[in-house]
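This report concerns only the one structure given below.
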Amino acid sequence: MTVEVTPELFASVPDANGRFGQFGGKFVAETLMTALTELQALYASLKSDASFIAEFDRDLAHYVGRPSPLYEASRLSDQIGGARIFLKREDLNHTGAHKVNNTIGQALLAKYMGKRRVIAETGAGQHGVATATVAARLGLECHVFMGEEDIRRQSLNVYRMKLLGADVVPVTSGSRTLKDAMNEAMRDWVTNVDSTFYIIGTVAGPHPYPMLVRDFQSVIGREARTQSLSQTGKLPDALVACVGGGSNAIGLFHPFLQDLGVEMYGVEAGGKGLSTGQHAAPLSVGSPGVLHGNRTYLMQDDDGQILETHSVSAGLDYPGVGPEHAWLKDIGRVRYVTADDRETLEAFHRLTRIEGIMPALETAHALAYAEKLASEMSPNQHIIVNLSGRGDKDILTVAALEGIEV
Amino acid sequence: MSRLTGVFAKLKAQRKKALIPYVVAGDPSPSGTVELLHQLVAAGADVLEVGVPFSDPMSEGLVIQLGHERALANGMTLRGVLDIITDFRRDNTHTPVVMMGYANPIERFGYDSFAEASSVAGVDGLITVDLPPEEVGRLDHALIQVGIDNIFLISPTTENERIETIVARARGFIYYVAVKGVTGSGQIDVNEVAQRVGVIRGMTDLPVAVGFGIKDADSASHVAQVADAVVVGSALIDEMVRKSRADASLEEIQIHEAAVQLLKRIRSGVDSSPS
Ligand SMILES: Cc1ncc(COP(=O)(O)O)c(C=O)c1O
């Protein structure tokens with residue numbers, strides 16, 4: 001691509017049609033167009049509304065527990081060698097992942113729109129839990145769509161959602177994972193569009209979702225930027241985050257995009273290895289196409305059918321990715337790489353044993369790559385890894401993979 | 001005059017309404033679809049709507065979703081659908097064929113190549129569920145070059161101002177989605193449909209077809225009173241699925257017969273409606 005990467009470029013996307021270069025847009029059925037236009041208009045007015053911002057910030061401070069710490073993992077750095085590794089501790093948020101930053105924001109939008117029913121799709125269950133949580137707090141009716149396969153491997157989160165009063169709807173179509181849950185949520189939304197707010201869990205979906213989820217998650221990067229300056233006296237040399245749909249990654253990256261000296265790495269799920277086809281790495285080996293309301297990189301076959309994905313972590317098991325990441329890849333601002341299942345499990349154990357922090361399996365992908373990266377850098381450099389969530393939800397998966405009965 | 005325009009003009013002169021069945025190409029089997037299309041024409045179809053299977057058919061209810069899954073499991077592709085239409089055209093050059101599907105297979109095929117190949121195959125119209133007016137521009141342009149009509153959808157949530165901009169770009173006919181929801185769902189509210197179709201008619205002379213939620217002769221007859229065309233999909237597919245479930249030893253042509261019988265009943269429902 002021949003786009004000149006200047007600091008100003010990043011403030012120019014998305015455009016009024018939700019485009020990030022050739023990516024993004026509003027590829028949905030006509031029935032949803034009016035709802036999207038309304039949401040776009042509401043968000044445009046609230047975005048700079050002092051009382052909306054104050055309410056969002058207040059909730060993040062007193063309900064979520066922000067700011068989240070920026071913690072230097074010195075024992076890990078000592079073992080790996082090379083650059084210092086800092087962890088942005090989104091795992092310490094209420095409900096245990098970055099997802100809640102976004103659900104707080106979208107639930108506020110639902111409140112302003114007077115919608116009493118919310119729906120969500122979920123893979124790992126973290127977004128479902130974060131949605132069920134804000135719904136409980138605001139007294140909203142909540143339905144969470146989840147693939148049957150994910151219900152099986154994330155049973156703890158399924159029960160958490162039920163305890164919170166949400167209705168968990170099993171999705172049995174297609175591959176029975178996150179993409180199918182999103183299809184089903186879209187179908188519900190089309191049917192109940194008047195009463196329902198669809199809380200999308202990542203920076204995907206039709207415009208304005210990729211933009212508003214990015215904005216809500218950008219609190220991660222804004223805090224990290226300030227914390228890095230105050231704790232180390234400088235900006236980080238590199239940022240690393242895992243990429244499923246891409247919300248924790250864009251949340252960390254976005255406030256640093258114009259700092260062209262800060263390198264960024266988005267880590268996709270390498271699954272059993274890129275050559276096996278069993279992975280979830282559309283940016284690394286996919287091609288552009290249209291799914292779930294936007295144009296982006298997808299895992300697809302020659303006929304344009306969406307391929308089934310594989311990852312040890314349910315939250316990365318998605319054949320698409322947010323359109324802004326597709327654009328950031330093409331203009332070369334962010335590098336997209338992979339970590340496979342095996343490296344991920346090793347990183348999971350290492351952080352748990354060395355730092356006493358048990359990361360989500362999604363997050364462990366970022367750690368696996370960050371370790372490699374750090375080892376090639378020098379001790380006067382530092383990396384920030386987005387510790388997007390905690391691993392409690394994954395202990396049964398880890399045990400099963402290792403043949404241990406809990 | 002295009003085949004679509006010709007058929008609607010002829011029916012109008014006869015004071016008749018068009019009947020448009022929808023089936024998924026490759027379901028129940030790829031080798032049977034051409035025959036199924038001929039059978040539907042014989043049963044009274046004026047226009048055929050041929051579903052292009054997609055792995056993620058977001059606007060379909062369960063019945064059609066499963067049809068897409070079966071078709072894909074049978075190896076159906078967009079190229080395969082075009083081959084089916086090519087085959088159908090060998091014996092039928094008068095019945096308009098409208099393809100209905102999702103954007104991604106067309107994206108993958110390439111807009112210009114797709115338009116060209118569709119034109120060669122004898123396609124008359126295209127409905128792409130997830131290409132609303134905001135996104136259909138480039139494809140629409142390619143379709144115009146080859147004389148294929150992009151069929152625009154209007155839904156119960158489409159505001160009047162938006163209807164006006166949609167009809168200004170529309171060709172062939174307007175497809176009014178009668179229910180908020182996915183295909184095969186919901187109970188159609190005839191009064192509301194009548195009111196909305198009235199609004200659309202106030203803005204265009206194009207024929208208005210109504211689909212989503214028409215299940216039987218009765219609902220078809222009601223809709224035919226207010227619309228120019230009635231689209232039936234899920235109900236036909238459901239009939240075939242039931243029949244094949246009830247007796248696994250049936251030949252495919254006998255399974256088709258279930259859809260044919262329902263379509264004939266719906267045809268008489270449509271024709272009996274006072275217009
Ligand atoms: C802890 C955690 N990290 C990352 C992800 C991936 O989502 P995203 O790429 O939107 O951050 C998930 C999704 O469930 C998650 O639970």
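Note on naming: chains are A, B, ... as they come in the structure tokens, residues start from 1 per chain, ligands start from 1 in the order shown.
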- Item | Contacts of B:Glu252 at 9 Å (only C-alpha atoms; same-chain gap of 6+ positions) as a list in words |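 Close residues of B:Glu252: Pro28, Ser29, Gly32 and Ser244 of chain B.
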Using only C-alpha atoms and all ligand atoms, find each protein or nucleic acid residue lying at most 7 Å from ligand 1; present the set as a PDB file with all heavy atoms, in the first residue's frame.
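What ended up in part.pdb:
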```pdb
ATOM      1  N   ALA A  97     -11.144  -9.472  33.078  1.00  0.00           N
ATOM      2  CA  ALA A  97     -10.593  -9.267  31.736  1.00  0.00           C
ATOM      3  C   ALA A  97     -10.887  -7.838  31.280  1.00  0.00           C
ATOM      4  O   ALA A  97     -11.656  -7.110  31.920  1.00  0.00           O
ATOM      5  CB  ALA A  97     -11.168 -10.272  30.741  1.00  0.00           C
ATOM      6  N   HIS A  98     -10.275  -7.484  30.147  1.00  0.00           N
ATOM      7  CA  HIS A  98     -10.506  -6.154  29.579  1.00  0.00           C
ATOM      8  C   HIS A  98     -11.931  -5.970  29.087  1.00  0.00           C
ATOM      9  O   HIS A  98     -12.382  -4.857  28.886  1.00  0.00           O
ATOM     10  CB  HIS A  98      -9.546  -5.940  28.410  1.00  0.00           C
ATOM     11  CG  HIS A  98      -9.860  -6.797  27.223  1.00  0.00           C
ATOM     12  ND1 HIS A  98      -9.675  -8.168  27.211  1.00  0.00           N
ATOM     13  CD2 HIS A  98     -10.392  -6.487  26.008  1.00  0.00           C
ATOM     14  CE1 HIS A  98     -10.064  -8.652  26.042  1.00  0.00           C
ATOM     15  NE2 HIS A  98     -10.494  -7.666  25.296  1.00  0.00           N
ATOM     16  N   LYS A  99     -12.637  -7.069  28.866  1.00  0.00           N
ATOM     17  CA  LYS A  99     -13.950  -6.995  28.203  1.00  0.00           C
ATOM     18  C   LYS A  99     -14.909  -6.022  28.889  1.00  0.00           C
ATOM     19  O   LYS A  99     -15.754  -5.404  28.243  1.00  0.00           O
ATOM     20  CB  LYS A  99     -14.587  -8.388  28.154  1.00  0.00           C
ATOM     21  CG  LYS A  99     -13.804  -9.398  27.321  1.00  0.00           C
ATOM     22  CD  LYS A  99     -13.981  -9.184  25.831  1.00  0.00           C
ATOM     23  CE  LYS A  99     -13.186 -10.180  25.014  1.00  0.00           C
ATOM     24  NZ  LYS A  99     -13.240  -9.893  23.577  1.00  0.00           N
ATOM     25  N   THR A 122     -20.551 -14.648  22.748  1.00  0.00           N
ATOM     26  CA  THR A 122     -19.333 -14.841  23.511  1.00  0.00           C
ATOM     27  C   THR A 122     -18.607 -16.092  23.057  1.00  0.00           C
ATOM     28  O   THR A 122     -19.241 -17.039  22.576  1.00  0.00           O
ATOM     29  CB  THR A 122     -19.620 -14.863  25.029  1.00  0.00           C
ATOM     30  OG1 THR A 122     -18.408 -14.622  25.735  1.00  0.00           O
ATOM     31  CG2 THR A 122     -20.208 -16.183  25.479  1.00  0.00           C
ATOM     32  N   GLY A 123     -17.286 -16.081  23.197  1.00  0.00           N
ATOM     33  CA  GLY A 123     -16.482 -17.253  22.856  1.00  0.00           C
ATOM     34  C   GLY A 123     -15.959 -17.862  24.138  1.00  0.00           C
ATOM     35  O   GLY A 123     -16.441 -18.881  24.613  1.00  0.00           O
ATOM     36  N   ALA A 124     -14.988 -17.175  24.729  1.00  0.00           N
ATOM     37  CA  ALA A 124     -14.420 -17.652  25.987  1.00  0.00           C
ATOM     38  C   ALA A 124     -15.409 -17.497  27.134  1.00  0.00           C
ATOM     39  O   ALA A 124     -15.243 -18.089  28.193  1.00  0.00           O
ATOM     40  CB  ALA A 124     -13.145 -16.874  26.290  1.00  0.00           C
ATOM     41  N   GLY A 125     -16.397 -16.674  26.927  1.00  0.00           N
ATOM     42  CA  GLY A 125     -17.349 -16.418  27.999  1.00  0.00           C
ATOM     43  C   GLY A 125     -17.019 -15.154  28.768  1.00  0.00           C
ATOM     44  O   GLY A 125     -17.822 -14.682  29.561  1.00  0.00           O
ATOM     45  N   GLN A 126     -15.826 -14.574  28.527  1.00  0.00           N
ATOM     46  CA  GLN A 126     -15.461 -13.358  29.273  1.00  0.00           C
ATOM     47  C   GLN A 126     -16.360 -12.189  28.889  1.00  0.00           C
ATOM     48  O   GLN A 126     -16.778 -11.425  29.750  1.00  0.00           O
ATOM     49  CB  GLN A 126     -14.001 -12.979  29.007  1.00  0.00           C
ATOM     50  CG  GLN A 126     -12.998 -13.873  29.675  1.00  0.00           C
ATOM     51  CD  GLN A 126     -13.187 -13.936  31.180  1.00  0.00           C
ATOM     52  OE1 GLN A 126     -13.584 -14.971  31.717  1.00  0.00           O
ATOM     53  NE2 GLN A 126     -12.945 -12.844  31.867  1.00  0.00           N
ATOM     54  N   HIS A 127     -16.628 -12.041  27.606  1.00  0.00           N
ATOM     55  CA  HIS A 127     -17.511 -10.955  27.194  1.00  0.00           C
ATOM     56  C   HIS A 127     -18.943 -11.233  27.664  1.00  0.00           C
ATOM     57  O   HIS A 127     -19.649 -10.316  28.074  1.00  0.00           O
ATOM     58  CB  HIS A 127     -17.477 -10.764  25.676  1.00  0.00           C
ATOM     59  CG  HIS A 127     -18.476  -9.767  25.185  1.00  0.00           C
ATOM     60  ND1 HIS A 127     -18.475  -8.456  25.610  1.00  0.00           N
ATOM     61  CD2 HIS A 127     -19.546  -9.898  24.348  1.00  0.00           C
ATOM     62  CE1 HIS A 127     -19.482  -7.817  25.036  1.00  0.00           C
ATOM     63  NE2 HIS A 127     -20.149  -8.662  24.273  1.00  0.00           N
ATOM     64  N   GLY A 201     -18.776  -7.763  21.449  1.00  0.00           N
ATOM     65  CA  GLY A 201     -17.676  -7.939  22.386  1.00  0.00           C
ATOM     66  C   GLY A 201     -16.301  -7.596  21.875  1.00  0.00           C
ATOM     67  O   GLY A 201     -15.327  -7.676  22.627  1.00  0.00           O
ATOM     68  N   THR A 202     -16.196  -7.230  20.615  1.00  0.00           N
ATOM     69  CA  THR A 202     -14.859  -6.926  20.114  1.00  0.00           C
ATOM     70  C   THR A 202     -14.960  -5.842  19.049  1.00  0.00           C
ATOM     71  O   THR A 202     -16.068  -5.356  18.755  1.00  0.00           O
ATOM     72  CB  THR A 202     -14.160  -8.203  19.593  1.00  0.00           C
ATOM     73  OG1 THR A 202     -12.787  -7.906  19.336  1.00  0.00           O
ATOM     74  CG2 THR A 202     -14.829  -8.745  18.336  1.00  0.00           C
ATOM     75  N   VAL A 203     -13.807  -5.456  18.474  1.00  0.00           N
ATOM     76  CA  VAL A 203     -13.805  -4.354  17.512  1.00  0.00           C
ATOM     77  C   VAL A 203     -14.211  -4.823  16.115  1.00  0.00           C
ATOM     78  O   VAL A 203     -13.657  -4.382  15.117  1.00  0.00           O
ATOM     79  CB  VAL A 203     -12.424  -3.665  17.453  1.00  0.00           C
ATOM     80  CG1 VAL A 203     -12.236  -2.765  18.636  1.00  0.00           C
ATOM     81  CG2 VAL A 203     -11.287  -4.699  17.374  1.00  0.00           C
ATOM     82  N   CYS A 242      -2.584 -10.026  22.378  1.00  0.00           N
ATOM     83  CA  CYS A 242      -3.198 -11.087  21.581  1.00  0.00           C
ATOM     84  C   CYS A 242      -4.339 -10.504  20.753  1.00  0.00           C
ATOM     85  O   CYS A 242      -4.916  -9.472  21.101  1.00  0.00           O
ATOM     86  CB  CYS A 242      -3.691 -12.229  22.470  1.00  0.00           C
ATOM     87  SG  CYS A 242      -5.059 -11.798  23.556  1.00  0.00           S
ATOM     88  N   VAL A 243      -4.656 -11.166  19.649  1.00  0.00           N
ATOM     89  CA  VAL A 243      -5.709 -10.686  18.750  1.00  0.00           C
ATOM     90  C   VAL A 243      -6.698 -11.804  18.452  1.00  0.00           C
ATOM     91  O   VAL A 243      -6.348 -12.808  17.820  1.00  0.00           O
ATOM     92  CB  VAL A 243      -5.123 -10.175  17.414  1.00  0.00           C
ATOM     93  CG1 VAL A 243      -6.241  -9.734  16.479  1.00  0.00           C
ATOM     94  CG2 VAL A 243      -4.161  -9.038  17.651  1.00  0.00           C
ATOM     95  N   GLY A 244      -7.904 -11.641  18.961  1.00  0.00           N
ATOM     96  CA  GLY A 244      -9.003 -12.524  18.562  1.00  0.00           C
ATOM     97  C   GLY A 244      -9.785 -11.702  17.558  1.00  0.00           C
ATOM     98  O   GLY A 244      -9.511 -11.693  16.363  1.00  0.00           O
ATOM     99  N   GLY A 245     -10.769 -10.924  18.077  1.00  0.00           N
ATOM    100  CA  GLY A 245     -11.383  -9.892  17.256  1.00  0.00           C
ATOM    101  C   GLY A 245     -10.503  -8.653  17.252  1.00  0.00           C
ATOM    102  O   GLY A 245     -10.515  -7.853  16.330  1.00  0.00           O
ATOM    103  N   GLY A 246      -9.760  -8.507  18.342  1.00  0.00           N
ATOM    104  CA  GLY A 246      -8.783  -7.427  18.388  1.00  0.00           C
ATOM    105  C   GLY A 246      -9.074  -6.289  19.344  1.00  0.00           C
ATOM    106  O   GLY A 246      -8.454  -5.231  19.239  1.00  0.00           O
ATOM    107  N   SER A 247      -9.964  -6.489  20.324  1.00  0.00           N
ATOM    108  CA  SER A 247     -10.330  -5.338  21.164  1.00  0.00           C
ATOM    109  C   SER A 247      -9.286  -5.003  22.215  1.00  0.00           C
ATOM    110  O   SER A 247      -9.020  -3.834  22.474  1.00  0.00           O
ATOM    111  CB  SER A 247     -11.703  -5.538  21.804  1.00  0.00           C
ATOM    112  OG  SER A 247     -11.707  -6.584  22.749  1.00  0.00           O
ATOM    113  N   ASN A 248      -8.675  -6.014  22.839  1.00  0.00           N
ATOM    114  CA  ASN A 248      -7.663  -5.654  23.841  1.00  0.00           C
ATOM    115  C   ASN A 248      -6.439  -5.080  23.140  1.00  0.00           C
ATOM    116  O   ASN A 248      -5.792  -4.169  23.652  1.00  0.00           O
ATOM    117  CB  ASN A 248      -7.356  -6.845  24.766  1.00  0.00           C
ATOM    118  CG  ASN A 248      -6.263  -7.765  24.268  1.00  0.00           C
ATOM    119  OD1 ASN A 248      -5.096  -7.545  24.528  1.00  0.00           O
ATOM    120  ND2 ASN A 248      -6.654  -8.806  23.522  1.00  0.00           N
ATOM    121  N   ALA A 249      -6.150  -5.599  21.953  1.00  0.00           N
ATOM    122  CA  ALA A 249      -4.990  -5.104  21.215  1.00  0.00           C
ATOM    123  C   ALA A 249      -5.203  -3.655  20.780  1.00  0.00           C
ATOM    124  O   ALA A 249      -4.348  -2.796  21.013  1.00  0.00           O
ATOM    125  CB  ALA A 249      -4.723  -5.996  20.006  1.00  0.00           C
ATOM    126  N   ALA A 314     -10.720 -20.361  23.470  1.00  0.00           N
ATOM    127  CA  ALA A 314     -12.008 -20.077  22.831  1.00  0.00           C
ATOM    128  C   ALA A 314     -12.107 -18.628  22.375  1.00  0.00           C
ATOM    129  O   ALA A 314     -12.725 -18.330  21.356  1.00  0.00           O
ATOM    130  CB  ALA A 314     -13.135 -20.403  23.801  1.00  0.00           C
ATOM    131  N   GLY A 315     -11.471 -17.718  23.104  1.00  0.00           N
ATOM    132  CA  GLY A 315     -11.610 -16.295  22.811  1.00  0.00           C
ATOM    133  C   GLY A 315     -10.877 -15.856  21.553  1.00  0.00           C
ATOM    134  O   GLY A 315     -11.091 -14.758  21.053  1.00  0.00           O
ATOM    135  N   LEU A 316      -9.988 -16.681  21.038  1.00  0.00           N
ATOM    136  CA  LEU A 316      -9.287 -16.326  19.794  1.00  0.00           C
ATOM    137  C   LEU A 316      -9.803 -17.143  18.613  1.00  0.00           C
ATOM    138  O   LEU A 316      -9.352 -16.980  17.488  1.00  0.00           O
ATOM    139  CB  LEU A 316      -7.778 -16.563  19.941  1.00  0.00           C
ATOM    140  CG  LEU A 316      -7.066 -15.835  21.080  1.00  0.00           C
ATOM    141  CD1 LEU A 316      -5.557 -16.056  20.983  1.00  0.00           C
ATOM    142  CD2 LEU A 316      -7.364 -14.343  21.086  1.00  0.00           C
ATOM    143  N   ALA A 360      -5.066 -15.698  31.214  1.00  0.00           N
ATOM    144  CA  ALA A 360      -6.005 -16.400  30.337  1.00  0.00           C
ATOM    145  C   ALA A 360      -5.212 -17.035  29.193  1.00  0.00           C
ATOM    146  O   ALA A 360      -4.144 -16.547  28.830  1.00  0.00           O
ATOM    147  CB  ALA A 360      -7.021 -15.419  29.769  1.00  0.00           C
ATOM    148  N   GLU A 362      -5.936 -16.905  26.130  1.00  0.00           N
ATOM    149  CA  GLU A 362      -5.842 -15.903  25.062  1.00  0.00           C
ATOM    150  C   GLU A 362      -4.584 -15.057  25.287  1.00  0.00           C
ATOM    151  O   GLU A 362      -3.736 -14.884  24.416  1.00  0.00           O
ATOM    152  CB  GLU A 362      -7.087 -14.990  25.067  1.00  0.00           C
ATOM    153  CG  GLU A 362      -8.386 -15.666  24.628  1.00  0.00           C
ATOM    154  CD  GLU A 362      -9.027 -16.526  25.716  1.00  0.00           C
ATOM    155  OE1 GLU A 362      -8.597 -16.432  26.885  1.00  0.00           O
ATOM    156  OE2 GLU A 362      -9.952 -17.301  25.401  1.00  0.00           O
ATOM    157  N   THR A 363      -4.507 -14.532  26.509  1.00  0.00           N
ATOM    158  CA  THR A 363      -3.396 -13.663  26.891  1.00  0.00           C
ATOM    159  C   THR A 363      -2.045 -14.360  26.750  1.00  0.00           C
ATOM    160  O   THR A 363      -1.045 -13.738  26.378  1.00  0.00           O
ATOM    161  CB  THR A 363      -3.572 -13.241  28.362  1.00  0.00           C
ATOM    162  OG1 THR A 363      -4.922 -12.812  28.557  1.00  0.00           O
ATOM    163  CG2 THR A 363      -2.608 -12.145  28.732  1.00  0.00           C
ATOM    164  N   SER A 388      -4.509  -9.344  29.144  1.00  0.00           N
ATOM    165  CA  SER A 388      -5.924  -9.036  28.900  1.00  0.00           C
ATOM    166  C   SER A 388      -6.893  -9.723  29.848  1.00  0.00           C
ATOM    167  O   SER A 388      -7.987  -9.229  30.072  1.00  0.00           O
ATOM    168  CB  SER A 388      -6.281  -9.385  27.455  1.00  0.00           C
ATOM    169  OG  SER A 388      -6.031 -10.753  27.199  1.00  0.00           O
ATOM    170  N   GLY A 389      -6.488 -10.875  30.433  1.00  0.00           N
ATOM    171  CA  GLY A 389      -7.439 -11.527  31.344  1.00  0.00           C
ATOM    172  C   GLY A 389      -6.773 -12.576  32.197  1.00  0.00           C
ATOM    173  O   GLY A 389      -5.647 -13.012  31.929  1.00  0.00           O
ATOM    174  N   ARG A 390      -7.495 -12.971  33.213  1.00  0.00           N
ATOM    175  CA  ARG A 390      -6.931 -13.961  34.128  1.00  0.00           C
ATOM    176  C   ARG A 390      -7.363 -15.368  33.712  1.00  0.00           C
ATOM    177  O   ARG A 390      -8.364 -15.555  33.025  1.00  0.00           O
ATOM    178  CB  ARG A 390      -7.349 -13.658  35.564  1.00  0.00           C
ATOM    179  CG  ARG A 390      -8.817 -13.863  35.816  1.00  0.00           C
ATOM    180  CD  ARG A 390      -9.168 -13.555  37.275  1.00  0.00           C
ATOM    181  NE  ARG A 390     -10.554 -13.913  37.513  1.00  0.00           N
ATOM    182  CZ  ARG A 390     -11.410 -13.191  38.246  1.00  0.00           C
ATOM    183  NH1 ARG A 390     -11.012 -12.072  38.811  1.00  0.00           N
ATOM    184  NH2 ARG A 390     -12.646 -13.603  38.408  1.00  0.00           N
TER     185      ARG A 390
END
```
- Task: Run DSSP on the backbone of this structure and report the residues of stretch 14-199 of chain B it assigns to strand (DSSP E or B), as a list in words.
- Result: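 Everything in stretch 14-199 of chain B that counts as strand (DSSP E or B) is Ala18, Leu19, Ile20, Pro21, Tyr22, Val23, Val24, Leu48, Glu49, Val50, Gly51, Val97, Val98, Met99, Met100, Gly101, Gly125, Leu126, Ile127, Thr128, Asp149, Asn150, Leu153, Ile154, Ile174, Tyr175, Tyr176 and Val177 of chain B.
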Within 9 Å of stretch 8-19 of chain B, which residues of stretch 158-265 of chain B show up? Give each one with its shortest atom-to-atom distance in Å (one decimal) and the two atoms involved, counting only C-alpha atoms, rows by chain then rising residue number, as JSON lines.
```
{"residue": "B:Gly172", "atom": "CA", "partner": "B:Phe8", "partner_atom": "CA", "distance": 8.9}
{"residue": "B:Phe173", "atom": "CA", "partner": "B:Phe8", "partner_atom": "CA", "distance": 8.8}
{"residue": "B:Pro207", "atom": "CA", "partner": "B:Phe8", "partner_atom": "CA", "distance": 7.1}
{"residue": "B:Ala209", "atom": "CA", "partner": "B:Ala18", "partner_atom": "CA", "distance": 8.2}
{"residue": "B:Ala224", "atom": "CA", "partner": "B:Lys17", "partner_atom": "CA", "distance": 6.4}
{"residue": "B:Gln225", "atom": "CA", "partner": "B:Lys17", "partner_atom": "CA", "distance": 8.7}
{"residue": "B:Ala227", "atom": "CA", "partner": "B:Lys17", "partner_atom": "CA", "distance": 7.7}
{"residue": "B:Asp228", "atom": "CA", "partner": "B:Lys17", "partner_atom": "CA", "distance": 5.2}
{"residue": "B:Ala229", "atom": "CA", "partner": "B:Ala18", "partner_atom": "CA", "distance": 4.3}
{"residue": "B:Val230", "atom": "CA", "partner": "B:Leu19", "partner_atom": "CA", "distance": 5.1}
{"residue": "B:Val231", "atom": "CA", "partner": "B:Leu19", "partner_atom": "CA", "distance": 6.3}
{"residue": "B:Val232", "atom": "CA", "partner": "B:Leu19", "partner_atom": "CA", "distance": 8.0}
{"residue": "B:Leu263", "atom": "CA", "partner": "B:Leu19", "partner_atom": "CA", "distance": 8.8}
```
For the selection you just gave me, I'd like the residues written to a file as a CSV table (one decimal), in the first residue's frame, keeping all heavy atoms.
```
chain,number,residue,atom,x,y,z
B,172,GLY,N,-35.8,-3.7,-11.9
B,172,GLY,CA,-36.4,-5.1,-11.8
B,172,GLY,C,-37.7,-5.1,-11.0
B,172,GLY,O,-38.8,-5.0,-11.4
B,173,PHE,N,-37.5,-5.2,-9.7
B,173,PHE,CA,-38.6,-5.0,-8.7
B,173,PHE,C,-38.0,-4.7,-7.4
B,173,PHE,O,-36.8,-4.7,-7.2
B,173,PHE,CB,-39.4,-6.3,-8.7
B,173,PHE,CG,-38.7,-7.6,-8.2
B,173,PHE,CD1,-38.8,-7.9,-6.8
B,173,PHE,CD2,-38.0,-8.4,-9.1
B,173,PHE,CE1,-38.1,-9.1,-6.4
B,173,PHE,CE2,-37.4,-9.6,-8.6
B,173,PHE,CZ,-37.4,-9.9,-7.3
B,207,PRO,N,-42.5,-3.0,-9.8
B,207,PRO,CA,-43.3,-4.0,-9.0
B,207,PRO,C,-42.7,-4.2,-7.6
B,207,PRO,O,-41.5,-4.0,-7.4
B,207,PRO,CB,-43.2,-5.2,-9.9
B,207,PRO,CG,-42.6,-4.8,-11.2
B,207,PRO,CD,-41.9,-3.5,-11.0
B,209,ALA,N,-42.4,-6.9,-4.6
B,209,ALA,CA,-42.6,-8.3,-4.2
B,209,ALA,C,-42.5,-8.3,-2.7
B,209,ALA,O,-41.8,-7.5,-2.1
B,209,ALA,CB,-41.5,-9.2,-4.7
B,224,ALA,N,-51.0,-11.2,-1.8
B,224,ALA,CA,-51.2,-10.9,-3.2
B,224,ALA,C,-52.2,-9.8,-3.4
B,224,ALA,O,-52.2,-9.2,-4.5
B,224,ALA,CB,-51.7,-12.2,-3.9
B,225,GLN,N,-53.0,-9.5,-2.4
B,225,GLN,CA,-54.0,-8.4,-2.6
B,225,GLN,C,-53.3,-7.1,-2.6
B,225,GLN,O,-53.8,-6.1,-3.1
B,225,GLN,CB,-55.0,-8.5,-1.4
B,225,GLN,CG,-56.0,-9.6,-1.6
B,225,GLN,CD,-56.9,-9.7,-0.4
B,225,GLN,OE1,-57.3,-8.7,0.2
B,225,GLN,NE2,-57.3,-10.9,0.0
B,227,ALA,N,-49.6,-6.8,-3.0
B,227,ALA,CA,-48.3,-6.8,-3.6
B,227,ALA,C,-48.4,-7.2,-5.1
B,227,ALA,O,-49.4,-7.8,-5.5
B,227,ALA,CB,-47.3,-7.6,-2.9
B,228,ASP,N,-47.3,-7.1,-5.8
B,228,ASP,CA,-47.2,-7.6,-7.2
B,228,ASP,C,-46.7,-9.0,-7.3
B,228,ASP,O,-46.9,-9.7,-8.3
B,228,ASP,CB,-46.3,-6.7,-8.1
B,228,ASP,CG,-46.9,-5.2,-8.1
B,228,ASP,OD1,-48.0,-5.0,-8.6
B,228,ASP,OD2,-46.2,-4.4,-7.5
B,229,ALA,N,-46.0,-9.4,-6.2
B,229,ALA,CA,-45.4,-10.7,-6.2
B,229,ALA,C,-45.3,-11.2,-4.8
B,229,ALA,O,-45.1,-10.5,-3.9
B,229,ALA,CB,-44.0,-10.7,-6.9
B,230,VAL,N,-45.3,-12.5,-4.7
B,230,VAL,CA,-45.3,-13.2,-3.4
B,230,VAL,C,-44.1,-14.2,-3.5
B,230,VAL,O,-43.9,-15.0,-4.4
B,230,VAL,CB,-46.6,-14.0,-3.2
B,230,VAL,CG1,-46.5,-14.8,-1.9
B,230,VAL,CG2,-47.8,-13.1,-3.1
B,231,VAL,N,-43.2,-14.1,-2.4
B,231,VAL,CA,-42.0,-14.9,-2.4
B,231,VAL,C,-42.2,-16.0,-1.3
B,231,VAL,O,-42.6,-15.6,-0.2
B,231,VAL,CB,-40.7,-14.1,-2.1
B,231,VAL,CG1,-39.5,-15.0,-2.1
B,231,VAL,CG2,-40.6,-12.9,-3.0
B,232,VAL,N,-42.0,-17.2,-1.6
B,232,VAL,CA,-42.1,-18.3,-0.6
B,232,VAL,C,-40.8,-19.1,-0.6
B,232,VAL,O,-40.4,-19.6,-1.7
B,232,VAL,CB,-43.2,-19.3,-0.9
B,232,VAL,CG1,-43.7,-20.0,0.3
B,232,VAL,CG2,-44.3,-18.6,-1.7
B,263,LEU,N,-46.5,-25.5,-3.6
B,263,LEU,CA,-46.5,-24.3,-4.5
B,263,LEU,C,-47.8,-24.2,-5.3
B,263,LEU,O,-48.3,-23.1,-5.5
B,263,LEU,CB,-45.3,-24.4,-5.4
B,263,LEU,CG,-45.0,-23.0,-6.1
B,263,LEU,CD1,-44.5,-22.0,-5.2
B,263,LEU,CD2,-44.0,-23.2,-7.3
```
- Tell me which of B:Phe212, B:Tyr22, B:Phe152, B:Phe114 sits closest to chain A, counting only C-alpha atoms.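 Result for the nearest residue to chain A: B:Phe152.
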